[in-house]
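Structure data (PDB, C-alpha atoms) from input.pdb:
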ATOM      1  CA  GLU A   1      28.592 -23.179  38.219
ATOM      2  CA  ALA A   2      27.678 -19.979  36.390
ATOM      3  CA  LEU A   3      30.387 -18.065  38.255
ATOM      4  CA  CYS A   4      32.933 -20.761  37.388
ATOM      5  CA  ALA A   5      31.857 -20.444  33.753
ATOM      6  CA  GLY A   6      32.549 -16.713  33.727
ATOM      7  CA  ALA A   7      29.459 -14.972  35.117
ATOM      8  CA  HIS A   8      30.393 -11.835  37.020
ATOM      9  CA  MET A   9      27.216 -11.162  38.984
ATOM     10  CA  ILE A  10      24.514 -13.042  40.866
ATOM     11  CA  ASN A  11      21.013 -11.731  40.104
ATOM     12  CA  ASP A  12      18.798 -13.769  42.394
ATOM     13  CA  ILE A  13      15.010 -13.472  42.286
ATOM     14  CA  ASN A  14      14.972 -15.359  45.590
ATOM     15  CA  GLY A  15      17.052 -12.707  47.364
ATOM     16  CA  LEU A  16      19.875 -15.155  48.196
ATOM     17  CA  ARG A  17      17.510 -17.126  50.463
ATOM     18  CA  ALA A  18      18.433 -20.577  49.112
ATOM     19  CA  ASP A  19      20.817 -22.595  51.255
ATOM     20  CA  GLY A  20      24.408 -21.732  50.458
ATOM     21  CA  MET A  21      23.755 -18.753  48.167
ATOM     22  CA  ILE A  22      25.218 -16.154  50.519
ATOM     23  CA  GLU A  23      28.277 -18.330  51.030
ATOM     24  CA  VAL A  24      28.784 -18.734  47.271
ATOM     25  CA  ALA A  25      28.467 -14.990  46.737
ATOM     26  CA  ALA A  26      30.978 -14.328  49.507
ATOM     27  CA  GLN A  27      33.392 -16.980  48.224
ATOM     28  CA  PHE A  28      33.456 -15.582  44.693
ATOM     29  CA  GLY A  29      33.271 -11.922  45.706
ATOM     30  CA  ALA A  30      30.644 -11.444  43.032
ATOM     31  CA  PRO A  31      28.286  -8.487  43.068
ATOM     32  CA  VAL A  32      24.795  -9.593  44.056
ATOM     33  CA  VAL A  33      21.354  -8.306  43.177
ATOM     34  CA  ILE A  34      18.980  -9.039  46.026
ATOM     35  CA  MET A  35      15.454  -8.999  44.635
ATOM     36  CA  HIS A  36      12.264  -8.961  46.672
ATOM     37  CA  MET A  37       9.572 -11.463  45.792
ATOM     38  CA  GLN A  38       6.539 -12.254  47.907
ATOM     39  CA  GLY A  39       5.966 -15.996  47.766
ATOM     40  CA  GLU A  40       7.425 -18.243  45.079
ATOM     41  CA  PRO A  41       7.177 -17.979  41.282
ATOM     42  CA  ARG A  42       4.253 -20.445  41.233
ATOM     43  CA  THR A  43       2.290 -18.630  43.936
ATOM     44  CA  MET A  44       3.550 -15.050  43.963
ATOM     45  CA  GLN A  45       0.547 -13.571  42.148
ATOM     46  CA  VAL A  46      -2.060 -15.353  44.272
ATOM     47  CA  ALA A  47      -3.552 -12.500  46.315
ATOM     48  CA  PRO A  48      -0.358 -10.619  47.215
ATOM     49  CA  HIS A  49      -0.864  -8.484  50.322
ATOM     50  CA  TYR A  50       1.190  -5.791  52.031
ATOM     51  CA  ASP A  51       0.409  -3.552  54.983
ATOM     52  CA  ASP A  52       2.627  -0.934  53.315
ATOM     53  CA  VAL A  53       4.157  -2.150  50.063
ATOM     54  CA  VAL A  54       7.250   0.063  50.192
ATOM     55  CA  GLY A  55       7.721  -0.181  53.953
ATOM     56  CA  ASP A  56       7.355  -3.969  53.925
ATOM     57  CA  ILE A  57       9.788  -4.405  51.018
ATOM     58  CA  ASN A  58      12.218  -1.945  52.581
ATOM     59  CA  ALA A  59      12.211  -3.911  55.857
ATOM     60  CA  TRP A  60      12.706  -7.206  54.003
ATOM     61  CA  LEU A  61      15.594  -5.818  51.933
ATOM     62  CA  THR A  62      17.189  -4.415  55.103
ATOM     63  CA  GLY A  63      17.147  -7.901  56.610
ATOM     64  CA  ARG A  64      18.603  -9.501  53.503
ATOM     65  CA  ILE A  65      21.381  -6.902  53.303
ATOM     66  CA  GLU A  66      22.231  -7.572  56.953
ATOM     67  CA  ASP A  67      22.247 -11.350  56.345
ATOM     68  CA  CYS A  68      24.504 -10.974  53.309
ATOM     69  CA  ILE A  69      26.980  -8.777  55.139
ATOM     70  CA  ALA A  70      26.989 -11.165  58.118
ATOM     71  CA  GLY A  71      27.639 -13.997  55.650
ATOM     72  CA  GLY A  72      30.718 -12.294  54.218
ATOM     73  CA  VAL A  73      29.326 -10.423  51.202
ATOM     74  CA  PRO A  74      30.907  -6.953  51.165
ATOM     75  CA  GLU A  75      28.263  -4.246  51.418
ATOM     76  CA  SER A  76      29.853  -2.576  48.382
ATOM     77  CA  GLN A  77      28.900  -5.644  46.290
ATOM     78  CA  ILE A  78      25.169  -5.471  47.098
ATOM     79  CA  ILE A  79      22.543  -4.071  44.713
ATOM     80  CA  ILE A  80      18.854  -4.050  45.627
ATOM     81  CA  ASP A  81      15.852  -4.771  43.416
ATOM     82  CA  PRO A  82      12.384  -4.134  44.906
ATOM     83  CA  GLY A  83      10.984  -6.782  42.551
ATOM     84  CA  PHE A  84       8.567  -4.970  40.252
ATOM     85  CA  GLY A  85       5.923  -7.546  39.282
ATOM     86  CA  PHE A  86       7.094 -10.283  41.630
ATOM     87  CA  GLY A  87       4.287 -10.892  44.104
ATOM     88  CA  LYS A  88       2.693  -7.500  43.617
ATOM     89  CA  THR A  89      -0.554  -6.228  42.151
ATOM     90  CA  VAL A  90      -0.721  -3.509  39.507
ATOM     91  CA  ASN A  91      -1.379  -0.921  42.207
ATOM     92  CA  HIS A  92       1.481  -2.245  44.367
ATOM     93  CA  ASN A  93       3.839  -1.828  41.402
ATOM     94  CA  LEU A  94       2.611   1.664  40.564
ATOM     95  CA  GLU A  95       2.878   2.785  44.188
ATOM     96  CA  MET A  96       6.365   1.302  44.409
ATOM     97  CA  LEU A  97       7.447   3.335  41.358
ATOM     98  CA  ARG A  98       5.964   6.512  42.863
ATOM     99  CA  ARG A  99       7.728   5.917  46.191
ATOM    100  CA  LEU A 100      10.998   4.449  44.897
ATOM    101  CA  ARG A 101      13.069   7.171  46.586
ATOM    102  CA  GLU A 102      12.211   5.618  49.946
ATOM    103  CA  PHE A 103      14.648   2.802  49.195
ATOM    104  CA  ALA A 104      17.541   5.289  49.112
ATOM    105  CA  GLY A 105      17.866   4.926  52.876
ATOM    106  CA  LEU A 106      19.255   1.436  52.315
ATOM    107  CA  GLY A 107      22.375   3.042  50.881
ATOM    108  CA  ARG A 108      22.719   0.571  48.034
ATOM    109  CA  PRO A 109      22.408   0.978  44.253
ATOM    110  CA  MET A 110      18.975   0.003  42.983
ATOM    111  CA  LEU A 111      18.057  -2.054  39.932
ATOM    112  CA  MET A 112      14.564  -1.920  38.428
ATOM    113  CA  GLY A 113      13.192  -4.374  35.912
ATOM    114  CA  THR A 114       9.889  -3.080  34.556
ATOM    115  CA  SER A 115      10.403  -3.991  30.899
ATOM    116  CA  ARG A 116       7.253  -5.307  29.201
ATOM    117  CA  LYS A 117       5.808  -6.464  32.537
ATOM    118  CA  SER A 118       2.159  -7.414  32.968
ATOM    119  CA  THR A 119       1.447  -4.231  34.946
ATOM    120  CA  ILE A 120       2.162  -2.256  31.773
ATOM    121  CA  GLY A 121       0.009  -4.643  29.775
ATOM    122  CA  LYS A 122      -2.903  -4.326  32.193
ATOM    123  CA  VAL A 123      -2.765  -0.526  32.434
ATOM    124  CA  LEU A 124      -2.446  -0.051  28.670
ATOM    125  CA  ASP A 125      -4.393  -3.165  27.605
ATOM    126  CA  LEU A 126      -1.552  -4.267  25.323
ATOM    127  CA  PRO A 127       0.174  -7.554  24.498
ATOM    128  CA  VAL A 128       3.782  -8.004  25.576
ATOM    129  CA  GLU A 129       5.288  -7.109  22.191
ATOM    130  CA  GLU A 130       3.533  -3.702  22.194
ATOM    131  CA  ARG A 131       4.670  -2.452  25.616
ATOM    132  CA  ILE A 132       7.759  -0.438  24.591
ATOM    133  CA  PHE A 133       6.261   3.001  25.310
ATOM    134  CA  GLY A 134       4.871   1.842  28.652
ATOM    135  CA  THR A 135       8.296   0.437  29.438
ATOM    136  CA  ALA A 136       9.872   3.774  28.473
ATOM    137  CA  ALA A 137       7.566   5.597  30.891
ATOM    138  CA  THR A 138       8.333   3.239  33.775
ATOM    139  CA  CYS A 139      12.078   3.431  33.091
ATOM    140  CA  ALA A 140      12.049   7.242  33.047
ATOM    141  CA  VAL A 141      10.080   7.373  36.309
ATOM    142  CA  ALA A 142      12.347   4.753  37.900
ATOM    143  CA  ILE A 143      15.457   6.736  36.954
ATOM    144  CA  HIS A 144      13.862   9.974  38.166
ATOM    145  CA  ASN A 145      13.035   8.302  41.487
ATOM    146  CA  GLY A 146      16.470   6.850  42.128
ATOM    147  CA  ALA A 147      17.044   3.685  40.107
ATOM    148  CA  ASN A 148      20.699   3.286  39.171
ATOM    149  CA  VAL A 149      20.236   0.340  36.799
ATOM    150  CA  ILE A 150      17.333  -0.596  34.555
ATOM    151  CA  ARG A 151      16.938  -4.115  33.199
ATOM    152  CA  VAL A 152      15.243  -4.043  29.783
ATOM    153  CA  HIS A 153      14.511  -6.018  26.635
ATOM    154  CA  ASP A 154      14.721  -3.135  24.159
ATOM    155  CA  VAL A 155      18.229  -1.939  24.955
ATOM    156  CA  ALA A 156      18.836   0.618  22.184
ATOM    157  CA  GLU A 157      15.498   2.337  22.764
ATOM    158  CA  MET A 158      15.832   2.405  26.556
ATOM    159  CA  VAL A 159      19.373   3.787  26.314
ATOM    160  CA  GLN A 160      17.768   6.796  24.597
ATOM    161  CA  VAL A 161      15.154   7.031  27.352
ATOM    162  CA  ALA A 162      17.841   6.837  30.054
ATOM    163  CA  ARG A 163      20.126   9.381  28.378
ATOM    164  CA  MET A 164      17.276  11.827  27.867
ATOM    165  CA  THR A 165      16.016  11.344  31.425
ATOM    166  CA  TYR A 166      19.497  11.967  32.837
ATOM    167  CA  ALA A 167      19.889  15.078  30.646
ATOM    168  CA  ILE A 168      16.603  16.466  31.982
ATOM    169  CA  LEU A 169      17.453  15.645  35.590
ATOM    170  CA  ARG A 170      21.113  16.622  35.657
ATOM    171  CA  GLY A 171      21.625  18.927  32.722
ATOM    172  CA  TRP A 172      23.372  18.310  29.444
ATOM    173  CA  PRO A 173      27.126  18.860  29.302
ATOM    174  CA  GLY A 174      27.033  19.470  25.536
ATOM    175  CA  GLU A 175      26.786  23.248  25.811
TER     176      GLU A 175
END

Before we go any further, please render this structure as C-alpha coordinates.
Amino acid sequence: EALCAGAHMINDINGLRADGMIEVAAQFGAPVVIMHMQGEPRTMQVAPHYDDVVGDINAWLTGRIEDCIAGGVPESQIIIDPGFGFGKTVNHNLEMLRRLREFAGLGRPMLMGTSRKSTIGKVLDLPVEERIFGTAATCAVAIHNGANVIRVHDVAEMVQVARMTYAILRGWPGE
(Lines of atoms letter the chains of each structure in order from A and count residues from 1; the text may use other names and numbers.)
(Lines give C-alpha, C1' and ligand atoms only; values in the text may rest on other atoms or scores of the structure.)
Protein backbone atom coordinates (compact mmCIF):
# COMPACT_ATOMS: atom_id res chain seq x y z
CA GLU A 1 0.00 0.00 0.00
CA ALA A 2 2.85 2.40 0.76
CA LEU A 3 4.33 1.83 -2.70
CA CYS A 4 0.93 2.46 -4.30
CA ALA A 5 0.72 5.68 -2.29
CA GLY A 6 4.03 6.92 -3.67
CA ALA A 7 6.79 5.41 -1.53
CA HIS A 8 9.90 4.74 -3.58
CA MET A 9 11.81 2.37 -1.31
CA ILE A 10 11.18 -0.53 1.04
CA ASN A 11 13.18 -0.26 4.28
CA ASP A 12 12.36 -3.48 6.09
CA ILE A 13 13.63 -4.17 9.60
CA ASN A 14 12.59 -7.78 9.05
CA GLY A 15 14.91 -8.21 6.06
CA LEU A 16 12.05 -9.02 3.66
CA ARG A 17 11.32 -12.24 5.60
CA ALA A 18 7.54 -11.74 5.82
CA ASP A 19 5.48 -13.76 3.36
CA GLY A 20 5.16 -11.95 0.06
CA MET A 21 7.63 -9.12 0.75
CA ILE A 22 10.19 -10.24 -1.82
CA GLU A 23 7.45 -10.63 -4.40
CA VAL A 24 6.11 -7.12 -3.70
CA ALA A 25 9.59 -5.64 -3.99
CA ALA A 26 10.15 -7.45 -7.28
CA GLN A 27 6.73 -6.45 -8.64
CA PHE A 28 7.25 -2.76 -7.94
CA GLY A 29 10.96 -2.71 -8.79
CA ALA A 30 11.52 -0.69 -5.65
CA PRO A 31 14.93 -0.42 -4.03
CA VAL A 32 15.04 -2.46 -0.84
CA VAL A 33 16.98 -2.07 2.39
CA ILE A 34 17.55 -5.48 3.92
CA MET A 35 18.22 -4.98 7.62
CA HIS A 36 19.55 -7.60 10.00
CA MET A 37 17.73 -8.11 13.27
CA GLN A 38 18.26 -11.00 15.65
CA GLY A 39 14.87 -12.06 16.97
CA GLU A 40 11.78 -9.86 16.83
CA PRO A 41 11.26 -6.31 18.12
CA ARG A 42 9.72 -7.64 21.36
CA THR A 43 12.54 -10.09 22.05
CA MET A 44 15.57 -8.81 20.15
CA GLN A 45 17.36 -7.39 23.20
CA VAL A 46 16.85 -10.48 25.37
CA ALA A 47 20.37 -11.91 25.61
CA PRO A 48 21.48 -11.48 21.98
CA HIS A 49 24.30 -13.89 21.13
CA TYR A 50 26.66 -14.24 18.18
CA ASP A 51 29.62 -16.54 17.60
CA ASP A 52 31.12 -13.73 15.50
CA VAL A 53 28.85 -10.70 15.25
CA VAL A 54 30.13 -9.48 11.88
CA GLY A 55 30.60 -12.94 10.39
CA ASP A 56 27.14 -14.07 11.49
CA ILE A 57 25.44 -10.93 10.15
CA ASN A 58 27.45 -11.13 6.93
CA ALA A 59 26.32 -14.74 6.37
CA TRP A 60 22.69 -13.83 7.10
CA LEU A 61 22.77 -10.84 4.73
CA THR A 62 24.36 -13.03 2.04
CA GLY A 63 21.43 -15.43 2.33
CA ARG A 64 18.86 -12.66 2.18
CA ILE A 65 20.51 -11.09 -0.87
CA GLU A 66 20.45 -14.49 -2.60
CA ASP A 67 16.77 -14.99 -1.69
CA CYS A 68 15.86 -11.53 -2.99
CA ILE A 69 17.66 -12.05 -6.27
CA ALA A 70 16.07 -15.49 -6.68
CA GLY A 71 12.70 -13.85 -6.01
CA GLY A 72 13.16 -11.32 -8.81
CA VAL A 73 14.62 -8.31 -7.00
CA PRO A 74 17.45 -6.93 -9.15
CA GLU A 75 20.75 -7.00 -7.29
CA SER A 76 21.23 -3.34 -8.22
CA GLN A 77 18.14 -2.48 -6.11
CA ILE A 78 19.48 -4.04 -2.89
CA ILE A 79 20.97 -2.03 -0.01
CA ILE A 80 22.17 -3.72 3.17
CA ASP A 81 21.81 -2.56 6.77
CA PRO A 82 23.66 -4.56 9.45
CA GLY A 83 21.04 -3.44 11.97
CA PHE A 84 22.88 -1.35 14.55
CA GLY A 85 20.95 -1.78 17.81
CA PHE A 86 18.59 -4.47 16.57
CA GLY A 87 19.31 -7.60 18.60
CA LYS A 88 22.81 -6.55 19.56
CA THR A 89 24.55 -5.57 22.78
CA VAL A 90 26.56 -2.38 23.17
CA ASN A 91 29.76 -4.31 22.48
CA HIS A 92 28.23 -6.04 19.44
CA ASN A 93 27.34 -2.62 18.01
CA LEU A 94 30.76 -1.13 18.72
CA GLU A 95 32.54 -4.13 17.19
CA MET A 96 30.26 -3.95 14.15
CA LEU A 97 31.21 -0.28 13.63
CA ARG A 98 34.92 -1.13 13.95
CA ARG A 99 34.62 -3.99 11.44
CA LEU A 100 32.09 -2.45 9.05
CA ARG A 101 34.46 -2.77 6.08
CA GLU A 102 33.97 -6.54 6.21
CA PHE A 103 30.51 -6.07 4.71
CA ALA A 104 32.05 -4.63 1.53
CA GLY A 105 32.45 -8.16 0.20
CA LEU A 106 28.68 -8.30 -0.24
CA GLY A 107 29.04 -5.80 -3.06
CA ARG A 108 26.01 -3.76 -2.06
CA PRO A 109 25.64 -0.20 -0.75
CA MET A 110 25.37 -0.09 3.02
CA LEU A 111 23.01 1.96 5.18
CA MET A 112 23.74 2.60 8.86
CA GLY A 113 21.25 3.93 11.36
CA THR A 114 23.05 4.80 14.59
CA SER A 115 21.25 8.06 15.36
CA ARG A 116 20.49 8.54 19.06
CA LYS A 117 20.52 4.78 19.67
CA SER A 118 20.69 3.27 23.15
CA THR A 119 24.30 2.16 22.61
CA ILE A 120 25.27 5.84 22.47
CA GLY A 121 23.17 6.53 25.54
CA LYS A 122 24.77 3.70 27.50
CA VAL A 123 28.35 4.58 26.55
CA LEU A 124 27.89 8.29 27.26
CA ASP A 125 25.25 7.95 30.01
CA LEU A 126 22.96 10.42 28.23
CA PRO A 127 19.23 10.66 27.50
CA VAL A 128 18.09 10.36 23.90
CA GLU A 129 17.78 14.11 23.30
CA GLU A 130 21.45 14.67 24.27
CA ARG A 131 23.07 12.10 21.96
CA ILE A 132 23.91 14.33 18.97
CA PHE A 133 27.69 14.29 19.48
CA GLY A 134 27.71 10.53 20.04
CA THR A 135 25.65 10.19 16.88
CA ALA A 136 28.15 12.40 15.03
CA ALA A 137 31.01 10.13 16.12
CA THR A 138 29.22 6.95 15.03
CA CYS A 139 28.25 8.51 11.69
CA ALA A 140 31.83 9.62 10.97
CA VAL A 141 33.19 6.17 11.84
CA ALA A 142 30.48 4.47 9.77
CA ILE A 143 31.30 6.62 6.74
CA HIS A 144 35.03 6.05 7.24
CA ASN A 145 34.41 2.29 7.38
CA GLY A 146 32.27 2.07 4.26
CA ALA A 147 28.71 3.19 4.94
CA ASN A 148 27.15 4.79 1.87
CA VAL A 149 23.99 6.06 3.58
CA ILE A 150 23.39 7.21 7.14
CA ARG A 151 19.90 7.39 8.60
CA VAL A 152 19.67 10.20 11.17
CA HIS A 153 17.32 12.40 13.16
CA ASP A 154 19.43 15.57 13.12
CA VAL A 155 19.79 15.98 9.36
CA ALA A 156 21.42 19.42 9.10
CA GLU A 157 24.05 18.60 11.71
CA MET A 158 24.85 15.16 10.28
CA VAL A 159 25.15 16.60 6.76
CA GLN A 160 28.03 18.68 8.17
CA VAL A 161 29.55 15.58 9.77
CA ALA A 162 29.24 13.63 6.50
CA ARG A 163 30.65 16.43 4.35
CA MET A 164 33.60 16.94 6.68
CA THR A 165 34.26 13.21 6.92
CA TYR A 166 34.23 12.87 3.13
CA ALA A 167 36.56 15.88 2.78
CA ILE A 168 39.03 14.27 5.20
CA LEU A 169 38.83 10.88 3.51
CA ARG A 170 38.78 11.93 -0.13
CA GLY A 171 40.17 15.44 -0.21
CA TRP A 172 38.40 18.72 -0.76
CA PRO A 173 37.89 19.87 -4.34
CA GLY A 174 37.66 23.53 -3.28
CA GLU A 175 41.33 24.28 -3.88

Expansion of the PyMOL selection byres ((chain A and resi 11) around 8) into residues, as a ChimeraX atom specification: /A:9-10,12-13,32-35

Can those selected residues be exported to a file as a PDB file, in the frame of the given file so that it contains C-alpha atoms?
ATOM      1  CA  MET A   9      27.216 -11.162  38.984  1.00  0.00           C
ATOM      2  CA  ILE A  10      24.514 -13.042  40.866  1.00  0.00           C
ATOM      3  CA  ASP A  12      18.798 -13.769  42.394  1.00  0.00           C
ATOM      4  CA  ILE A  13      15.010 -13.472  42.286  1.00  0.00           C
ATOM      5  CA  VAL A  32      24.795  -9.593  44.056  1.00  0.00           C
ATOM      6  CA  VAL A  33      21.354  -8.306  43.177  1.00  0.00           C
ATOM      7  CA  ILE A  34      18.980  -9.039  46.026  1.00  0.00           C
ATOM      8  CA  MET A  35      15.454  -8.999  44.635  1.00  0.00           C
TER       9      MET A  35
END

Residue IDs satisfying the PyMOL selection byres ((chain A and resi 151) around 10), as a list in words: Leu111, Met112, Gly113, Thr114, Ser115, Cys139, Val149, Ile150, Val152, His153, Asp154, Val155 and Met158 of chain A

Protein and nucleic acid residues near (1.3, -3.3, 30.9) (cut-off 12 Å, all atoms listed in the file) as number ranges by chain: A: 84-85, 89-91, 93-94, 114-138

Local residues around (15.2, -11.3, 50.3), at most 8 Å away, using all atoms listed in the file, as a PyMOL selection string: chain A and resi 14-17+34-37+60-61+63-64

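The space between CA of Arg163 (chain A) and CA of Ile143 (chain A) spans 10.1 Å.
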
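Counting from CA of Ser76 (chain A), the distance to CA of Gly146 (chain A) is 17.5 Å.
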
Can you put all heavy atoms back into region 98-109 of chain A and show it as an mmCIF file, in the frame of the given file?
data_model
loop_
_atom_site.group_PDB
_atom_site.id
_atom_site.type_symbol
_atom_site.label_atom_id
_atom_site.label_comp_id
_atom_site.auth_asym_id
_atom_site.auth_seq_id
_atom_site.Cartn_x
_atom_site.Cartn_y
_atom_site.Cartn_z
ATOM 1 N N ARG A 98 6.155 5.150 42.338
ATOM 2 C CA ARG A 98 5.964 6.512 42.863
ATOM 3 C C ARG A 98 6.835 6.771 44.082
ATOM 4 O O ARG A 98 7.322 7.875 44.275
ATOM 5 C CB ARG A 98 4.497 6.735 43.254
ATOM 6 C CG ARG A 98 3.569 7.002 42.111
ATOM 7 C CD ARG A 98 2.199 7.480 42.593
ATOM 8 N NE ARG A 98 1.525 6.540 43.467
ATOM 9 C CZ ARG A 98 0.718 5.555 43.033
ATOM 10 N NH1 ARG A 98 0.523 5.376 41.737
ATOM 11 N NH2 ARG A 98 0.139 4.760 43.901
ATOM 12 N N ARG A 99 7.027 5.754 44.913
ATOM 13 C CA ARG A 99 7.728 5.917 46.191
ATOM 14 C C ARG A 99 9.145 5.339 46.186
ATOM 15 O O ARG A 99 9.745 5.146 47.242
ATOM 16 C CB ARG A 99 6.898 5.247 47.287
ATOM 17 C CG ARG A 99 5.543 5.888 47.505
ATOM 18 C CD ARG A 99 4.704 5.142 48.521
ATOM 19 N NE ARG A 99 5.393 5.005 49.796
ATOM 20 C CZ ARG A 99 5.021 4.112 50.722
ATOM 21 N NH1 ARG A 99 3.987 3.306 50.521
ATOM 22 N NH2 ARG A 99 5.696 4.024 51.857
ATOM 23 N N LEU A 100 9.697 5.108 45.034
ATOM 24 C CA LEU A 100 10.998 4.449 44.897
ATOM 25 C C LEU A 100 12.107 5.121 45.705
ATOM 26 O O LEU A 100 12.997 4.457 46.228
ATOM 27 C CB LEU A 100 11.375 4.407 43.419
ATOM 28 C CG LEU A 100 12.195 3.237 42.925
ATOM 29 C CD1 LEU A 100 11.569 1.911 43.274
ATOM 30 C CD2 LEU A 100 12.371 3.357 41.419
ATOM 31 N N ARG A 101 12.036 6.432 45.844
ATOM 32 C CA ARG A 101 13.069 7.171 46.586
ATOM 33 C C ARG A 101 13.205 6.696 48.032
ATOM 34 O O ARG A 101 14.242 6.895 48.654
ATOM 35 C CB ARG A 101 12.788 8.662 46.567
ATOM 36 C CG ARG A 101 13.006 9.282 45.220
ATOM 37 C CD ARG A 101 12.875 10.801 45.289
ATOM 38 N NE ARG A 101 12.966 11.365 43.962
ATOM 39 C CZ ARG A 101 14.101 11.629 43.346
ATOM 40 N NH1 ARG A 101 15.229 11.366 43.938
ATOM 41 N NH2 ARG A 101 14.094 12.142 42.131
ATOM 42 N N GLU A 102 12.165 6.087 48.560
ATOM 43 C CA GLU A 102 12.211 5.618 49.946
ATOM 44 C C GLU A 102 13.224 4.494 50.154
ATOM 45 O O GLU A 102 13.624 4.230 51.279
ATOM 46 C CB GLU A 102 10.821 5.210 50.417
ATOM 47 C CG GLU A 102 9.869 6.398 50.492
ATOM 48 C CD GLU A 102 8.464 6.018 50.899
ATOM 49 O OE1 GLU A 102 8.307 5.146 51.801
ATOM 50 O OE2 GLU A 102 7.518 6.599 50.327
ATOM 51 N N PHE A 103 13.636 3.855 49.078
ATOM 52 C CA PHE A 103 14.648 2.802 49.195
ATOM 53 C C PHE A 103 16.060 3.367 49.298
ATOM 54 O O PHE A 103 17.001 2.646 49.594
ATOM 55 C CB PHE A 103 14.564 1.823 48.020
ATOM 56 C CG PHE A 103 13.285 1.030 48.005
ATOM 57 C CD1 PHE A 103 12.307 1.290 47.059
ATOM 58 C CD2 PHE A 103 13.059 0.030 48.941
ATOM 59 C CE1 PHE A 103 11.129 0.576 47.046
ATOM 60 C CE2 PHE A 103 11.877 -0.694 48.946
ATOM 61 C CZ PHE A 103 10.909 -0.416 47.992
ATOM 62 N N ALA A 104 16.215 4.666 49.058
ATOM 63 C CA ALA A 104 17.541 5.289 49.112
ATOM 64 C C ALA A 104 18.175 5.146 50.490
ATOM 65 O O ALA A 104 19.404 5.079 50.615
ATOM 66 C CB ALA A 104 17.466 6.758 48.716
ATOM 67 N N GLY A 105 17.357 5.073 51.520
ATOM 68 C CA GLY A 105 17.866 4.926 52.876
ATOM 69 C C GLY A 105 18.650 3.645 53.097
ATOM 70 O O GLY A 105 19.403 3.528 54.071
ATOM 71 N N LEU A 106 18.502 2.685 52.194
ATOM 72 C CA LEU A 106 19.255 1.436 52.315
ATOM 73 C C LEU A 106 20.718 1.628 51.911
ATOM 74 O O LEU A 106 21.554 0.775 52.191
ATOM 75 C CB LEU A 106 18.607 0.334 51.463
ATOM 76 C CG LEU A 106 17.208 -0.078 51.915
ATOM 77 C CD1 LEU A 106 16.572 -1.033 50.908
ATOM 78 C CD2 LEU A 106 17.254 -0.706 53.287
ATOM 79 N N GLY A 107 20.997 2.723 51.229
ATOM 80 C CA GLY A 107 22.375 3.042 50.881
ATOM 81 C C GLY A 107 23.006 2.150 49.837
ATOM 82 O O GLY A 107 24.227 2.086 49.725
ATOM 83 N N ARG A 108 22.201 1.472 49.050
ATOM 84 C CA ARG A 108 22.719 0.571 48.034
ATOM 85 C C ARG A 108 22.178 0.976 46.674
ATOM 86 O O ARG A 108 21.065 1.510 46.574
ATOM 87 C CB ARG A 108 22.314 -0.889 48.320
ATOM 88 C CG ARG A 108 22.749 -1.439 49.669
ATOM 89 C CD ARG A 108 24.229 -1.334 50.005
ATOM 90 N NE ARG A 108 25.106 -1.548 48.879
ATOM 91 C CZ ARG A 108 26.144 -0.738 48.574
ATOM 92 N NH1 ARG A 108 26.426 0.319 49.281
ATOM 93 N NH2 ARG A 108 26.901 -1.007 47.527
ATOM 94 N N PRO A 109 22.950 0.728 45.598
ATOM 95 C CA PRO A 109 22.408 0.978 44.253
ATOM 96 C C PRO A 109 21.141 0.145 44.042
ATOM 97 O O PRO A 109 20.995 -0.938 44.615
ATOM 98 C CB PRO A 109 23.523 0.515 43.319
ATOM 99 C CG PRO A 109 24.746 0.418 44.152
ATOM 100 C CD PRO A 109 24.295 0.167 45.559
#
